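To keep things clear, I will list the structure first and then write my remarks on it.
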Amino acid sequence: MGDGALRIERAGADELQTAASSILAPLSVTAPDTAAFRADIDAAVLGRLAVARIRGSQHRVTRPPRVITSTDPEVLTLTLHNARPAVLDQGGRQARAGQGDFVVIDMTRPYRLDVMDGCDVMAVAVPRAEPGRHADTVARHAAVRLPGDAGIPASLSALLLGLGPHLEELTGPTAHHVGDALVSLLLAAFTEREPCRTDTATELVDRIRSYALLDISDPSLCGESVARAHGISHRHLHRLFHRTGTPFATWLRQERLARIRRDLLDPAYLGLTVAGVAARWGYVDAAHMARALKRQYGRTARDMRQECVRMSRSMTGTSRPRGHA
C-alpha cells in the first residue's frame with residue numbers, strides 16, 4: 001500500500017479481501033451471506049505503518065499456509081475490537097476478544113479470525129523491523145487477549161479510537177509523527193507485561209544506535225567513528241549489526257533518509273533548499289542523497305518537495321514559497 005489514504009464504502013467480501021491483502025498480506029475473506037455482506041473501509045499509511053478501520057457484517061478472515069510465501073512482508077498486526085466479540089486461532093492458541101480488547105496476529109503464520117455479528121475493528125500493520133529487538137516479545141503475544149481498559153494499553157486504545165474517524169486527514173509529516181507515536185505506545189504496552197530479555201551484544205547495539213541518533217546530523221558520523229567511540233573495532237561493529245539483519249551503514253543511511261523525507265514533506269521547511277535539508281541530516285553531497293532517496297522510496301526529492309508545495313498551498317492558499325527547489 002503506497003502513500004495516501006483509502007476509503008471504500010459498502011464493500012463486498014471480495015473488495016474487503018483485496019483491500020486487506022494490499023494493506024497486510026495475502027489473505028481470504030468469507031461471509032455466511034455473501035450477497036448481504038457490506039463493509040466500510042478506511043485506511044492510511046503512517047510512515048512505515050498502515051492503519052485501517054473496518055466496520056462491517058459478520059465474516060471470517062483466514063491466512064492459509066498455501067498463500068504464505070517467503071516474499072511476503074513480515075508484519076505483525078495489532079487489532080482493537082470495538083463492537084461484537086471476535087475469535088482468533090493461531091499457533092494452537094485461541095483468543096476471544098471482547099469490546100475494547102487487543103489481539104496480535106503474526107502475519108508470517110497461518111491464522112483464522114472469526115468476527116461475530118458485525119464488527120468495528122482498528123488494525124495496525126507493523127513491519128517486524130519497527131519494534132527492533134522487541135519484535136519477538138510482541139509476536140509471543142499472538143492470539144493472546146490484551147485488555148485495553150487500563151495502563152498503557154488504555155492510552156494506545158484512546159489514540160486508535162481517536163484516529164479512526166480521521167484517517168483520511170493523516171498525510172505528510174503528521175502521518176509519520178503519528179506512526180512513531182503508535183510504535184512507541186505499542187512497545188510500551190507489550191514490554192511492560194514481559195521482562196526484557198537482552199544480552200550484552202544487544203545492549204551494545206542499542207547504545208550504539210542511541211549514540212548515532214544523537215549525532216546523526218554530523219556528516220563525519222560513520223562506522224569507523226562510532227566503533228572508535230565505543231572502544232571496539234570496525235570489524236566487531238560489523239559483526240554486531242550483522243546479527244540484527246541490517247548493517248550499520250545501511251541502518252544509518254535509512255535513518256537519515258527517513259528524516260530527510262519527512263522534512264521535504266513538511267511545509268515548515270519549504271524555506272530550505274533540498275541541499276539544506278540534506279545537510280541537516282549529515283549529507284554534504286546533495287546529489288548522492290537524491291539518488292539514495294530515490295532508491296529508498298521510489299520518488300525523487302523534487303517530487304516530494306512539489307507535493308509539499310501543493311499541500312502548503314491547499315492549507316494556506318498562498319502563492320508558491322521561495323526557496324522550494
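We label chains A, B, ... in the order they appear in the C-alpha cells, count residues from 1 in each chain, and number ligands from 1 in the order shown.
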Mind checking DSSP for region 97-181 of chain A and telling me the helix (DSSP H, G or I) residues as a PyMOL selection string? chain A and resi 132-139+151-169+172-181
Which neighbours of Ala20 (chain A) fall inside 12 Å, counting only C-alpha atoms, when residues of the same chain fewer than 3 positions from it are skipped, and could you give them as a PDB file with N, CA and C atoms, in the first residue's frame?
```
ATOM      1  N   MET A   1       0.849  -1.191   0.000  1.00  0.00           N
ATOM      2  CA  MET A   1       0.000   0.000   0.000  1.00  0.00           C
ATOM      3  C   MET A   1       0.880   1.236   0.000  1.00  0.00           C
ATOM      4  N   LEU A   6      -7.114   5.479   1.913  1.00  0.00           N
ATOM      5  CA  LEU A   6      -8.042   4.644   1.164  1.00  0.00           C
ATOM      6  C   LEU A   6      -9.387   4.684   1.866  1.00  0.00           C
ATOM      7  N   ILE A   8     -13.360   2.999   1.203  1.00  0.00           N
ATOM      8  CA  ILE A   8     -14.320   2.232   0.406  1.00  0.00           C
ATOM      9  C   ILE A   8     -15.579   2.058   1.249  1.00  0.00           C
ATOM     10  N   ALA A  11     -18.383  -2.046   0.831  1.00  0.00           N
ATOM     11  CA  ALA A  11     -17.586  -3.016   0.081  1.00  0.00           C
ATOM     12  C   ALA A  11     -18.154  -4.418   0.243  1.00  0.00           C
ATOM     13  N   ALA A  13     -17.447  -8.717   0.117  1.00  0.00           N
ATOM     14  CA  ALA A  13     -16.404  -9.552   0.721  1.00  0.00           C
ATOM     15  C   ALA A  13     -15.150  -9.578  -0.145  1.00  0.00           C
ATOM     16  N   ASP A  14     -15.329  -9.643  -1.472  1.00  0.00           N
ATOM     17  CA  ASP A  14     -14.166  -9.657  -2.363  1.00  0.00           C
ATOM     18  C   ASP A  14     -13.382  -8.347  -2.277  1.00  0.00           C
ATOM     19  N   GLU A  15     -14.109  -7.228  -2.186  1.00  0.00           N
ATOM     20  CA  GLU A  15     -13.427  -5.933  -2.083  1.00  0.00           C
ATOM     21  C   GLU A  15     -12.669  -5.811  -0.764  1.00  0.00           C
ATOM     22  N   LEU A  16     -13.270  -6.320   0.320  1.00  0.00           N
ATOM     23  CA  LEU A  16     -12.580  -6.305   1.607  1.00  0.00           C
ATOM     24  C   LEU A  16     -11.335  -7.178   1.543  1.00  0.00           C
ATOM     25  N   GLN A  17     -11.439  -8.332   0.911  1.00  0.00           N
ATOM     26  CA  GLN A  17     -10.297  -9.223   0.783  1.00  0.00           C
ATOM     27  C   GLN A  17      -9.159  -8.549   0.015  1.00  0.00           C
ATOM     28  N   ILE A  23      -3.103  -4.122   2.248  1.00  0.00           N
ATOM     29  CA  ILE A  23      -2.623  -3.436   3.449  1.00  0.00           C
ATOM     30  C   ILE A  23      -1.744  -4.350   4.287  1.00  0.00           C
ATOM     31  N   LEU A  24      -2.104  -5.637   4.401  1.00  0.00           N
ATOM     32  CA  LEU A  24      -1.413  -6.561   5.291  1.00  0.00           C
ATOM     33  C   LEU A  24      -0.555  -7.554   4.508  1.00  0.00           C
ATOM     34  N   ALA A  25      -1.189  -8.597   4.028  1.00  0.00           N
ATOM     35  CA  ALA A  25      -0.542  -9.661   3.261  1.00  0.00           C
ATOM     36  C   ALA A  25      -1.683 -10.487   2.661  1.00  0.00           C
ATOM     37  N   PRO A  26      -1.405 -11.316   1.643  1.00  0.00           N
ATOM     38  CA  PRO A  26      -2.485 -12.097   1.026  1.00  0.00           C
ATOM     39  C   PRO A  26      -3.284 -12.893   2.051  1.00  0.00           C
ATOM     40  N   LEU A  27      -4.602 -12.745   1.989  1.00  0.00           N
ATOM     41  CA  LEU A  27      -5.492 -13.462   2.895  1.00  0.00           C
ATOM     42  C   LEU A  27      -6.842 -13.673   2.219  1.00  0.00           C
ATOM     43  N   SER A  28      -7.709 -14.402   2.890  1.00  0.00           N
ATOM     44  CA  SER A  28      -9.019 -14.731   2.350  1.00  0.00           C
ATOM     45  C   SER A  28     -10.110 -14.213   3.275  1.00  0.00           C
ATOM     46  N   VAL A  29     -11.174 -13.644   2.694  1.00  0.00           N
ATOM     47  CA  VAL A  29     -12.325 -13.167   3.462  1.00  0.00           C
ATOM     48  C   VAL A  29     -13.577 -13.874   2.952  1.00  0.00           C
ATOM     49  N   ALA A  39     -19.145  -3.763   4.034  1.00  0.00           N
ATOM     50  CA  ALA A  39     -18.134  -3.253   4.959  1.00  0.00           C
ATOM     51  C   ALA A  39     -17.683  -1.870   4.506  1.00  0.00           C
ATOM     52  N   ASP A  40     -17.419  -1.011   5.479  1.00  0.00           N
ATOM     53  CA  ASP A  40     -16.810   0.293   5.216  1.00  0.00           C
ATOM     54  C   ASP A  40     -15.351   0.210   5.633  1.00  0.00           C
ATOM     55  N   ILE A  41     -14.457   0.645   4.748  1.00  0.00           N
ATOM     56  CA  ILE A  41     -13.021   0.526   4.981  1.00  0.00           C
ATOM     57  C   ILE A  41     -12.379   1.910   4.885  1.00  0.00           C
ATOM     58  N   ASP A  42     -11.656   2.270   5.923  1.00  0.00           N
ATOM     59  CA  ASP A  42     -10.834   3.485   5.907  1.00  0.00           C
ATOM     60  C   ASP A  42      -9.420   3.068   6.277  1.00  0.00           C
ATOM     61  N   ALA A  43      -8.443   3.539   5.513  1.00  0.00           N
ATOM     62  CA  ALA A  43      -7.062   3.155   5.790  1.00  0.00           C
ATOM     63  C   ALA A  43      -6.122   4.293   5.445  1.00  0.00           C
ATOM     64  N   ALA A  50       0.724   0.859   8.554  1.00  0.00           N
ATOM     65  CA  ALA A  50      -0.569   1.070   7.919  1.00  0.00           C
ATOM     66  C   ALA A  50      -1.643   0.879   8.978  1.00  0.00           C
ATOM     67  N   VAL A  51      -2.652   1.745   8.964  1.00  0.00           N
ATOM     68  CA  VAL A  51      -3.747   1.665   9.929  1.00  0.00           C
ATOM     69  C   VAL A  51      -5.053   1.602   9.158  1.00  0.00           C
ATOM     70  N   ALA A  52      -5.935   0.717   9.566  1.00  0.00           N
ATOM     71  CA  ALA A  52      -7.222   0.588   8.894  1.00  0.00           C
ATOM     72  C   ALA A  52      -8.334   0.458   9.922  1.00  0.00           C
ATOM     73  N   ARG A  53      -9.484   1.032   9.588  1.00  0.00           N
ATOM     74  CA  ARG A  53     -10.691   0.835  10.372  1.00  0.00           C
ATOM     75  C   ARG A  53     -11.690   0.111   9.484  1.00  0.00           C
ATOM     76  N   ILE A  54     -12.210  -1.003   9.972  1.00  0.00           N
ATOM     77  CA  ILE A  54     -13.142  -1.817   9.201  1.00  0.00           C
ATOM     78  C   ILE A  54     -14.414  -1.998  10.007  1.00  0.00           C
ATOM     79  N   VAL A  61     -11.805 -14.177   8.409  1.00  0.00           N
ATOM     80  CA  VAL A  61     -10.549 -13.881   7.724  1.00  0.00           C
ATOM     81  C   VAL A  61      -9.591 -15.032   7.984  1.00  0.00           C
ATOM     82  N   THR A  62      -8.987 -15.571   6.918  1.00  0.00           N
ATOM     83  CA  THR A  62      -8.028 -16.652   7.083  1.00  0.00           C
ATOM     84  C   THR A  62      -6.761 -16.348   6.271  1.00  0.00           C
ATOM     85  N   ARG A  63      -5.663 -16.833   6.785  1.00  0.00           N
ATOM     86  CA  ARG A  63      -4.404 -16.788   6.031  1.00  0.00           C
ATOM     87  C   ARG A  63      -3.868 -18.204   6.010  1.00  0.00           C
ATOM     88  N   THR A  77       0.297  -7.639  13.099  1.00  0.00           N
ATOM     89  CA  THR A  77      -0.920  -6.841  13.052  1.00  0.00           C
ATOM     90  C   THR A  77      -1.556  -6.784  14.435  1.00  0.00           C
ATOM     91  N   MET A 107       1.523 -12.211  10.963  1.00  0.00           N
ATOM     92  CA  MET A 107       1.146 -12.441   9.572  1.00  0.00           C
ATOM     93  C   MET A 107       2.076 -13.407   8.855  1.00  0.00           C
ATOM     94  N   ALA A 123      -7.124  -1.882  12.878  1.00  0.00           N
ATOM     95  CA  ALA A 123      -5.994  -2.779  12.649  1.00  0.00           C
ATOM     96  C   ALA A 123      -4.749  -1.958  12.318  1.00  0.00           C
ATOM     97  N   VAL A 124      -3.649  -2.279  12.975  1.00  0.00           N
ATOM     98  CA  VAL A 124      -2.379  -1.595  12.738  1.00  0.00           C
ATOM     99  C   VAL A 124      -1.378  -2.622  12.231  1.00  0.00           C
ATOM    100  N   ALA A 125      -0.883  -2.433  11.013  1.00  0.00           N
ATOM    101  CA  ALA A 125       0.110  -3.327  10.428  1.00  0.00           C
ATOM    102  C   ALA A 125       1.500  -2.756  10.697  1.00  0.00           C
TER     103      ALA A 125
END
```
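Taking CA of Asp206 (chain A) and CA of Arg128 (chain A) as endpoints, the distance between them is 16.7 Å.
The coordinates place CA of Ser210 (chain A) at 25.1 Å from CA of His288 (chain A).
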Pick out the residues sitting within 9 Å of Met311 (chain A), and hand them over as JSON, numbers by chain; count only C-alpha atoms, and ignore anything fewer than 6 positions along from it in its own chain. {"A": [172, 265, 266, 267]}
Measure the distance from CA of Val103 (chain A) to CA of Ala31 (chain A) in Å and round it to one decimal.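 Taking CA of Val103 (chain A) as the start and CA of Ala31 (chain A) as the end point, the length is 21.1 Å.
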What's the 7 Å shell around region 140-147 of chain A, counting only C-alpha atoms, without same-chain residues fewer than 6 positions away, as a VMD selection string? chain A and resid 88 to 90 93 to 97 100 to 106
